[in-house]
$ cat work_11.cif   # mmCIF, C-alpha atoms
data_coords
#
loop_
_atom_site.label_atom_id
_atom_site.label_comp_id
_atom_site.auth_asym_id
_atom_site.auth_seq_id
_atom_site.Cartn_x
_atom_site.Cartn_y
_atom_site.Cartn_z
CA MET A 8 20.08 -17.78 16.57
CA ASN A 9 23.33 -15.78 16.70
CA THR A 10 23.30 -15.28 20.47
CA PRO A 11 26.51 -16.74 21.96
CA ALA A 12 26.04 -19.71 24.25
CA PRO A 13 28.02 -20.34 27.44
CA GLU A 14 31.63 -21.20 26.64
CA SER A 15 31.32 -24.43 28.65
CA VAL A 16 29.12 -25.83 25.85
CA PHE A 17 31.97 -25.68 23.35
CA ILE A 18 35.13 -27.65 22.80
CA LYS A 19 38.05 -25.16 22.75
CA PRO A 20 40.03 -25.29 20.62
CA LEU A 21 38.22 -27.26 17.91
CA GLU A 22 40.81 -29.92 17.12
CA PRO A 23 41.36 -31.38 13.64
CA GLY A 24 39.10 -34.31 12.90
CA LEU A 25 35.75 -35.34 11.47
CA TYR A 26 32.68 -34.04 13.35
CA ILE A 27 29.36 -35.78 12.72
CA VAL A 28 26.82 -32.99 13.20
CA ALA A 29 23.06 -33.56 13.44
CA THR A 30 20.93 -30.88 11.75
CA PRO A 31 17.23 -30.01 12.15
CA ILE A 32 14.61 -32.24 10.50
CA GLY A 33 12.26 -29.34 9.94
CA ASN A 34 12.31 -26.67 12.63
CA LEU A 35 15.58 -24.73 12.46
CA GLY A 36 15.30 -24.05 16.18
CA ASP A 37 16.27 -27.67 16.82
CA ILE A 38 19.93 -27.18 15.93
CA THR A 39 21.99 -27.53 19.10
CA MET A 40 24.29 -24.78 20.42
CA ARG A 41 27.27 -27.08 20.01
CA GLY A 42 26.15 -27.93 16.47
CA VAL A 43 26.05 -24.22 15.59
CA ASP A 44 29.49 -23.71 17.06
CA VAL A 45 31.08 -26.60 15.16
CA LEU A 46 29.48 -25.60 11.85
CA ARG A 47 30.74 -22.03 12.28
CA ARG A 48 34.30 -23.05 13.17
CA ALA A 49 34.82 -26.03 10.85
CA GLN A 50 37.05 -25.43 7.86
CA ILE A 51 34.90 -27.57 5.55
CA ILE A 52 31.38 -28.99 5.73
CA ALA A 53 30.72 -32.22 3.81
CA CYS A 54 27.04 -32.21 2.86
CA GLU A 55 24.55 -34.00 0.62
CA ASP A 56 23.23 -30.85 -1.08
CA THR A 57 24.98 -27.49 -0.81
CA ARG A 58 21.71 -25.65 -1.46
CA VAL A 59 19.97 -27.29 1.51
CA THR A 60 22.93 -26.91 3.88
CA GLY A 61 23.49 -23.38 2.59
CA LYS A 62 20.08 -22.33 3.93
CA LEU A 63 20.98 -23.66 7.38
CA LEU A 64 24.36 -21.93 7.35
CA LYS A 65 22.73 -18.64 6.40
CA ALA A 66 20.26 -19.03 9.29
CA ILE A 67 23.04 -19.56 11.85
CA GLY A 68 25.41 -16.95 10.42
CA ALA A 69 28.07 -19.39 9.20
CA GLU A 70 30.17 -18.88 6.06
CA THR A 71 31.99 -22.21 6.10
CA ARG A 72 33.13 -23.75 2.83
CA MET A 73 30.94 -26.64 1.68
CA GLN A 74 31.93 -29.80 -0.19
CA ARG A 75 29.24 -31.97 -1.73
CA TYR A 76 29.37 -35.54 -0.42
CA ASP A 77 26.52 -37.86 -1.40
CA ASP A 78 25.82 -41.30 -2.87
CA HIS A 79 27.70 -40.35 -6.03
CA ALA A 80 30.83 -39.04 -4.31
CA THR A 81 34.06 -40.53 -5.61
CA VAL A 82 36.69 -42.37 -3.62
CA GLU A 83 38.99 -39.43 -4.40
CA THR A 84 36.55 -36.98 -2.76
CA ARG A 85 36.32 -39.18 0.33
CA GLN A 86 40.10 -39.46 0.57
CA TRP A 87 40.46 -35.69 0.14
CA LEU A 88 38.05 -35.07 3.02
CA ILE A 89 39.99 -37.48 5.22
CA GLU A 90 43.26 -35.69 4.44
CA GLN A 91 41.63 -32.34 5.21
CA SER A 92 40.34 -33.64 8.55
CA ARG A 93 43.90 -34.57 9.55
CA GLN A 94 44.82 -30.90 9.42
CA ALA A 95 41.61 -29.08 10.40
CA PRO A 96 38.07 -29.67 11.70
CA VAL A 97 35.73 -31.04 9.03
CA ALA A 98 31.98 -31.35 9.68
CA LEU A 99 29.75 -34.01 8.15
CA VAL A 100 26.03 -33.26 7.83
CA SER A 101 23.03 -34.72 6.02
CA ASP A 102 20.19 -32.71 4.49
CA ALA A 103 18.17 -33.25 7.66
CA GLY A 104 18.68 -35.10 10.94
CA THR A 105 21.56 -37.27 12.07
CA PRO A 106 24.17 -38.26 9.44
CA LEU A 107 24.63 -41.97 8.71
CA ILE A 108 20.93 -42.74 9.30
CA SER A 109 19.93 -43.85 5.78
CA ASP A 110 22.62 -41.76 4.06
CA PRO A 111 26.10 -42.48 2.64
CA GLY A 112 28.04 -40.82 5.45
CA TYR A 113 29.01 -44.13 7.04
CA ARG A 114 31.60 -44.75 4.31
CA LEU A 115 33.40 -41.54 5.18
CA VAL A 116 33.25 -42.22 8.93
CA ARG A 117 34.47 -45.78 8.47
CA ALA A 118 37.35 -44.67 6.25
CA ALA A 119 38.28 -41.89 8.69
CA ARG A 120 38.41 -44.28 11.63
CA GLU A 121 40.51 -46.76 9.64
CA ALA A 122 42.89 -43.90 8.75
CA GLY A 123 43.31 -42.98 12.42
CA VAL A 124 41.51 -39.65 12.11
CA ASN A 125 39.78 -38.31 15.22
CA VAL A 126 36.00 -38.75 14.84
CA ALA A 127 33.52 -36.99 17.15
CA VAL A 128 29.73 -36.86 17.22
CA VAL A 129 27.56 -33.78 17.82
CA PRO A 130 24.13 -35.38 18.42
CA GLY A 131 20.74 -33.88 17.78
CA ALA A 132 17.54 -34.45 15.82
CA CYS A 133 16.69 -37.82 14.23
CA ALA A 134 13.38 -38.42 12.44
CA ALA A 135 13.24 -42.10 13.42
CA ILE A 136 13.55 -41.36 17.13
CA ALA A 137 11.23 -38.35 16.91
CA GLY A 138 8.58 -40.50 15.25
CA LEU A 139 8.99 -43.28 17.80
CA THR A 140 8.59 -40.97 20.78
CA LEU A 141 5.58 -39.24 19.23
CA SER A 142 3.80 -42.48 18.28
CA GLY A 143 3.28 -43.80 21.81
CA LEU A 144 4.24 -47.29 20.62
CA PRO A 145 6.40 -49.48 22.88
CA ASN A 146 9.97 -48.16 22.74
CA ASP A 147 11.86 -50.50 25.05
CA ARG A 148 12.91 -52.45 21.95
CA PHE A 149 12.77 -51.23 18.35
CA LEU A 150 14.27 -51.96 14.94
CA PHE A 151 15.06 -49.23 12.44
CA ALA A 152 14.88 -50.67 8.92
CA GLY A 153 15.45 -47.56 6.81
CA PHE A 154 13.62 -46.80 3.58
CA LEU A 155 11.24 -49.44 2.26
CA PRO A 156 12.05 -50.79 -1.24
CA VAL A 157 10.41 -49.06 -4.18
CA LYS A 158 9.20 -52.18 -5.99
CA ASP A 159 6.10 -53.92 -4.66
CA LYS A 160 7.51 -57.45 -4.44
CA ALA A 161 10.73 -56.31 -2.76
CA ARG A 162 8.70 -54.26 -0.28
CA ALA A 163 6.42 -57.20 0.54
CA ASP A 164 9.41 -59.55 0.90
CA MET A 165 11.19 -57.16 3.26
CA LEU A 166 8.13 -56.65 5.46
CA GLY A 167 7.44 -60.39 5.50
CA SER A 168 11.01 -61.09 6.64
CA LEU A 169 10.39 -58.91 9.72
CA ASP A 170 7.15 -60.61 10.72
CA GLY A 171 8.65 -62.43 13.70
CA VAL A 172 10.63 -59.52 15.14
CA ASP A 173 9.38 -58.83 18.65
CA ALA A 174 9.90 -55.06 18.57
CA THR A 175 8.43 -51.85 17.23
CA LEU A 176 9.51 -51.51 13.58
CA ILE A 177 10.52 -48.13 12.16
CA PHE A 178 10.67 -47.33 8.44
CA TYR A 179 11.15 -44.25 6.29
CA GLU A 180 8.66 -43.87 3.46
CA THR A 181 7.61 -41.22 0.95
CA GLY A 182 4.16 -39.71 0.54
CA PRO A 183 3.43 -41.17 -2.92
CA ARG A 184 4.26 -44.72 -1.77
CA LEU A 185 2.65 -44.63 1.68
CA VAL A 186 -0.72 -46.15 0.74
CA ARG A 187 0.93 -49.03 -1.13
CA SER A 188 3.06 -49.84 1.92
CA LEU A 189 0.07 -49.64 4.26
CA SER A 190 -1.88 -52.00 1.98
CA VAL A 191 0.88 -54.61 2.22
CA MET A 192 1.00 -54.16 5.98
CA ALA A 193 -2.76 -54.68 6.14
CA ASP A 194 -2.24 -58.13 4.58
CA ILE A 195 0.73 -59.10 6.77
CA TRP A 196 -0.25 -57.42 10.05
CA PRO A 197 -4.03 -56.78 10.00
CA LYS A 198 -4.24 -56.43 13.79
CA ARG A 199 -0.99 -54.67 14.67
CA GLU A 200 -1.07 -50.98 15.55
CA ILE A 201 0.48 -48.72 12.92
CA ALA A 202 1.55 -45.08 13.28
CA VAL A 203 2.23 -42.57 10.52
CA ALA A 204 4.35 -39.60 11.65
CA ARG A 205 4.81 -36.76 9.19
CA GLU A 206 5.81 -33.10 9.03
CA LEU A 207 7.81 -33.72 12.21
CA THR A 208 8.77 -30.54 14.10
CA LYS A 209 6.95 -28.41 11.51
CA LEU A 210 3.75 -26.37 11.77
CA HIS A 211 1.48 -29.19 10.61
CA GLU A 212 3.15 -32.04 12.53
CA GLU A 213 0.92 -35.11 12.55
CA CYS A 214 0.98 -38.59 14.04
CA ARG A 215 -2.00 -40.76 13.11
CA SER A 216 -2.41 -44.25 14.60
CA GLY A 217 -4.68 -47.17 13.78
CA LEU A 218 -4.85 -50.39 11.82
CA ALA A 219 -3.07 -50.48 8.47
CA ALA A 220 -6.31 -50.86 6.48
CA GLU A 221 -7.87 -47.85 8.23
CA LEU A 222 -4.82 -45.71 7.60
CA ALA A 223 -4.61 -46.80 3.96
CA GLU A 224 -8.21 -45.70 3.47
CA TYR A 225 -7.56 -42.35 5.17
CA TYR A 226 -4.42 -41.52 3.19
CA THR A 227 -6.07 -42.58 -0.07
CA ALA A 228 -8.57 -39.80 0.57
CA HIS A 229 -5.91 -37.41 1.96
CA PRO A 230 -2.70 -37.98 -0.06
CA PRO A 231 0.32 -36.97 2.05
CA LYS A 232 3.47 -35.24 0.86
CA GLY A 233 7.09 -35.39 1.90
CA GLU A 234 9.01 -38.03 3.81
CA ILE A 235 7.27 -40.04 6.50
CA VAL A 236 8.21 -42.15 9.50
CA LEU A 237 6.11 -45.31 9.38
CA LEU A 238 5.97 -47.40 12.56
CA VAL A 239 4.57 -50.84 13.32
CA GLY A 240 3.81 -51.90 16.87
CA PRO A 241 5.25 -55.20 18.15
CA PRO A 242 3.27 -58.43 17.95
CA ALA A 243 0.65 -58.67 20.68
CA GLU A 244 1.32 -61.12 23.48
CA GLN A 245 -1.15 -63.91 24.01
CA VAL A 246 -3.89 -62.48 26.17
CA THR A 247 -6.09 -64.57 28.41
CA ALA A 248 -9.79 -63.87 28.96
CA HIS A 249 -8.90 -62.60 32.44
CA ASP A 250 -6.33 -60.18 30.97
CA SER A 251 -8.74 -58.89 28.35
CA ASP A 252 -11.41 -58.29 31.01
CA ALA A 253 -8.93 -56.19 32.98
CA LEU A 254 -8.05 -54.17 29.91
CA LEU A 255 -11.71 -53.69 29.03
CA ARG A 256 -12.60 -52.54 32.54
CA GLU A 257 -9.80 -49.99 32.46
CA ALA A 258 -10.87 -48.70 29.05
CA LEU A 259 -14.55 -48.56 30.03
CA GLU A 260 -13.72 -46.04 32.74
CA GLU A 261 -13.07 -43.45 30.05
CA MET A 262 -14.89 -44.56 26.90
CA SER A 263 -17.90 -46.34 25.43
CA ALA A 264 -18.12 -50.11 24.99
CA SER A 265 -17.51 -49.75 21.25
CA LYS A 266 -14.40 -47.61 21.65
CA ALA A 267 -13.12 -49.77 24.50
CA ALA A 268 -13.47 -52.89 22.33
CA GLY A 269 -11.60 -51.19 19.49
CA THR A 270 -8.80 -50.05 21.77
CA VAL A 271 -8.29 -53.47 23.35
CA ALA A 272 -8.51 -55.14 19.93
CA ARG A 273 -5.61 -53.02 18.69
CA LEU A 274 -3.60 -53.77 21.81
CA THR A 275 -4.18 -57.51 21.84
CA GLY A 276 -5.08 -58.57 18.31
CA MET A 277 -8.29 -60.17 19.64
CA ASP A 278 -11.55 -60.09 17.68
CA ARG A 279 -13.28 -56.73 18.09
CA GLN A 280 -16.83 -58.09 17.99
CA THR A 281 -16.07 -60.62 20.72
CA LEU A 282 -14.53 -57.89 22.83
CA TYR A 283 -17.50 -55.59 22.22
CA ALA A 284 -19.96 -58.23 23.43
CA ARG A 285 -17.87 -58.75 26.56
CA ALA A 286 -17.56 -54.99 27.09
CA VAL A 287 -21.34 -54.65 27.02
CA GLU A 288 -21.60 -57.41 29.66
CA LEU A 289 -19.02 -55.75 31.89
CA LYS A 290 -20.64 -52.36 31.54
CA SER A 291 -24.01 -53.75 32.66
CA GLN A 292 -22.58 -55.39 35.78
#
$ encode --input "work_11.cif" --output "structure tokens"
Amino acid sequence: MNTPAPESVFIKPLEPGLYIVATPIGNLGDITMRGVDVLRRAQIIACEDTRVTGKLLKAIGAETRMQRYDDHATVETRQWLIEQSRQAPVALVSDAGTPLISDPGYRLVRAAREAGVNVAVVPGACAAIAGLTLSGLPNDRFLFAGFLPVKDKARADMLGSLDGVDATLIFYETGPRLVRSLSVMADIWPKREIAVARELTKLHEECRSGLAAELAEYYTAHPPKGEIVLLVGPPAEQVTAHDSDALLREALEEMSASKAAGTVARLTGMDRQTLYARAVELKSQ
């Protein structure tokens, strides 16, 4: 981790300003070379939790001063950080992943830009994007909606408000609340494909896909821990009988009639039993 990288990777000298630095979401090896360089050379690191960031700094051999900056940070703390960034490089990090994605960092960045402070981004890991790429769901258009509300009615209202969005939906959720969220999704979107991505970049990384009711049943029996990326596939387009036959034929090349029917049902929202009967017909031809 301490091996120097080519000098061309770095900005020399590191000018005063606010540097938005992405940190690993699990695997420390995912910190970028530029991210390591900025964290080592910054004068101050604004972070959510000094204990969490302290572990990362120890791993990369950095001894930079840390300043706690979270949801409870005062206006005075924010203004102090802006004044510091006028004179020296200040890094902004979150506990994991890219700052400003479901964390309070946007207030500091907004205030810095309004104050005329130089703001630069050092990109890297993001749980939402990692989950999307791992899920295999359509990614040409997606909506990140952050953490789902804690209360049941607020959660149901939020999900219901997104019913007509023609895109893959991405949420953050916690292990203890996952089954409750999946149960609501089973009522709203019984036929849409759902993916649960957890332990991303870690030893036991998992991405499980299926219908919401199936996943709710699985995670009731296998309670998950930690934070989770919960994804919902876009609404299925209207599929004609001719289209479904083509999909079934393609699926039947690699799987049984039952599995082919299930696969096409998830893709199209069509009735599985109807598709199974047609798959049997096609297989016998």
$ residues_around --input "work_11.cif" --residues "A:Val126" --least-positions-apart "6" --cutoff "7 Å" --atoms "only C-alpha atoms" --output "ChimeraX atom specification"
/A:24-26,120
$ write_last_selection --input "work_11.cif" --atoms "C-alpha atoms" --output "mmCIF file, in the coordinates of the input"
data_model
loop_
_atom_site.group_PDB
_atom_site.id
_atom_site.type_symbol
_atom_site.label_atom_id
_atom_site.label_comp_id
_atom_site.auth_asym_id
_atom_site.auth_seq_id
_atom_site.Cartn_x
_atom_site.Cartn_y
_atom_site.Cartn_z
ATOM 1 C CA GLY A 24 39.100 -34.310 12.900
ATOM 2 C CA LEU A 25 35.750 -35.340 11.470
ATOM 3 C CA TYR A 26 32.680 -34.040 13.350
ATOM 4 C CA ARG A 120 38.410 -44.280 11.630
#
$ resolve_selection --input "work_11.cif" --expression "the PyMOL selection byres ((chain A and resi 213-229) around 9)" --output "PyMOL selection string"
chain A and resi 138+141-142+185-194+196-207+211-212+230-231+273
$ closest_residue --input "work_11.cif" --among "A:Val28, A:Ile52, A:Ile136, A:Leu107" --to "A:Leu237" --atoms "only C-alpha atoms"
A:Ile136
$ resolve_selection --input "work_11.cif" --expression "the PyMOL selection byres ((chain A and resi 94) around 12)" --output "PyMOL selection string"
chain A and resi 21-25+49-51+87-93+95-97+124-125
$ closest_residue --input "work_11.cif" --among "A:Met73, A:Ala127, A:Ala243, A:Val82" --to "A:Gly171" --atoms "only C-alpha atoms"
A:Ala243
$ atom_distance --input "work_11.cif" --atom1 "atom CA of A:Leu259" --atom2 "atom CA of A:Pro241"
24.0 Å
$ closest_residue --input "work_11.cif" --among "A:Leu289, A:Val129, A:Ala118, A:Ala267" --to "A:Arg41" --atoms "all atoms listed in the file"
A:Val129
$ closest_residue --input "work_11.cif" --among "A:Asp78, A:Asp44, A:Asp56, A:Asp252" --to "A:Val100" --atoms "only C-alpha atoms"
A:Asp56
$ atom_distance --input "work_11.cif" --atom1 "atom CA of A:Ile67" --atom2 "atom CA of A:Leu139"
28.2 Å
$ closest_residue --input "work_11.cif" --among "A:Leu150, A:Val43, A:Ala29, A:Leu155" --to "A:Ala174" --atoms "only C-alpha atoms"
A:Leu150
$ resolve_selection --input "work_11.cif" --expression "the PyMOL selection byres ((chain A and resi 277) around 12)" --output "PyMOL selection string"
chain A and resi 197-199+242-248+250-252+254-255+268-276+278-283+285
$ atom_distance --input "work_11.cif" --atom1 "atom CA of A:Ser101" --atom2 "atom CA of A:Leu210"
21.8 Å
$ residues_around --input "work_11.cif" --residues "A:Glu55" --least-positions-apart "5" --cutoff "6 Å" --atoms "only C-alpha atoms" --output "PyMOL selection string"
chain A and resi 75-77+101-102
$ closest_residue --input "work_11.cif" --among "A:Gly153, A:Gly131, A:Pro111, A:Gly68" --to "A:Ile32" --atoms "all atoms listed in the file"
A:Gly131
$ residues_around --input "work_11.cif" --residues "A:Pro130" --least-positions-apart "2" --cutoff "8 Å" --atoms "only C-alpha atoms" --output "list in words"
Ile27, Val28, Ala29, Gly42, Thr105, Val128 and Ala132 of chain A
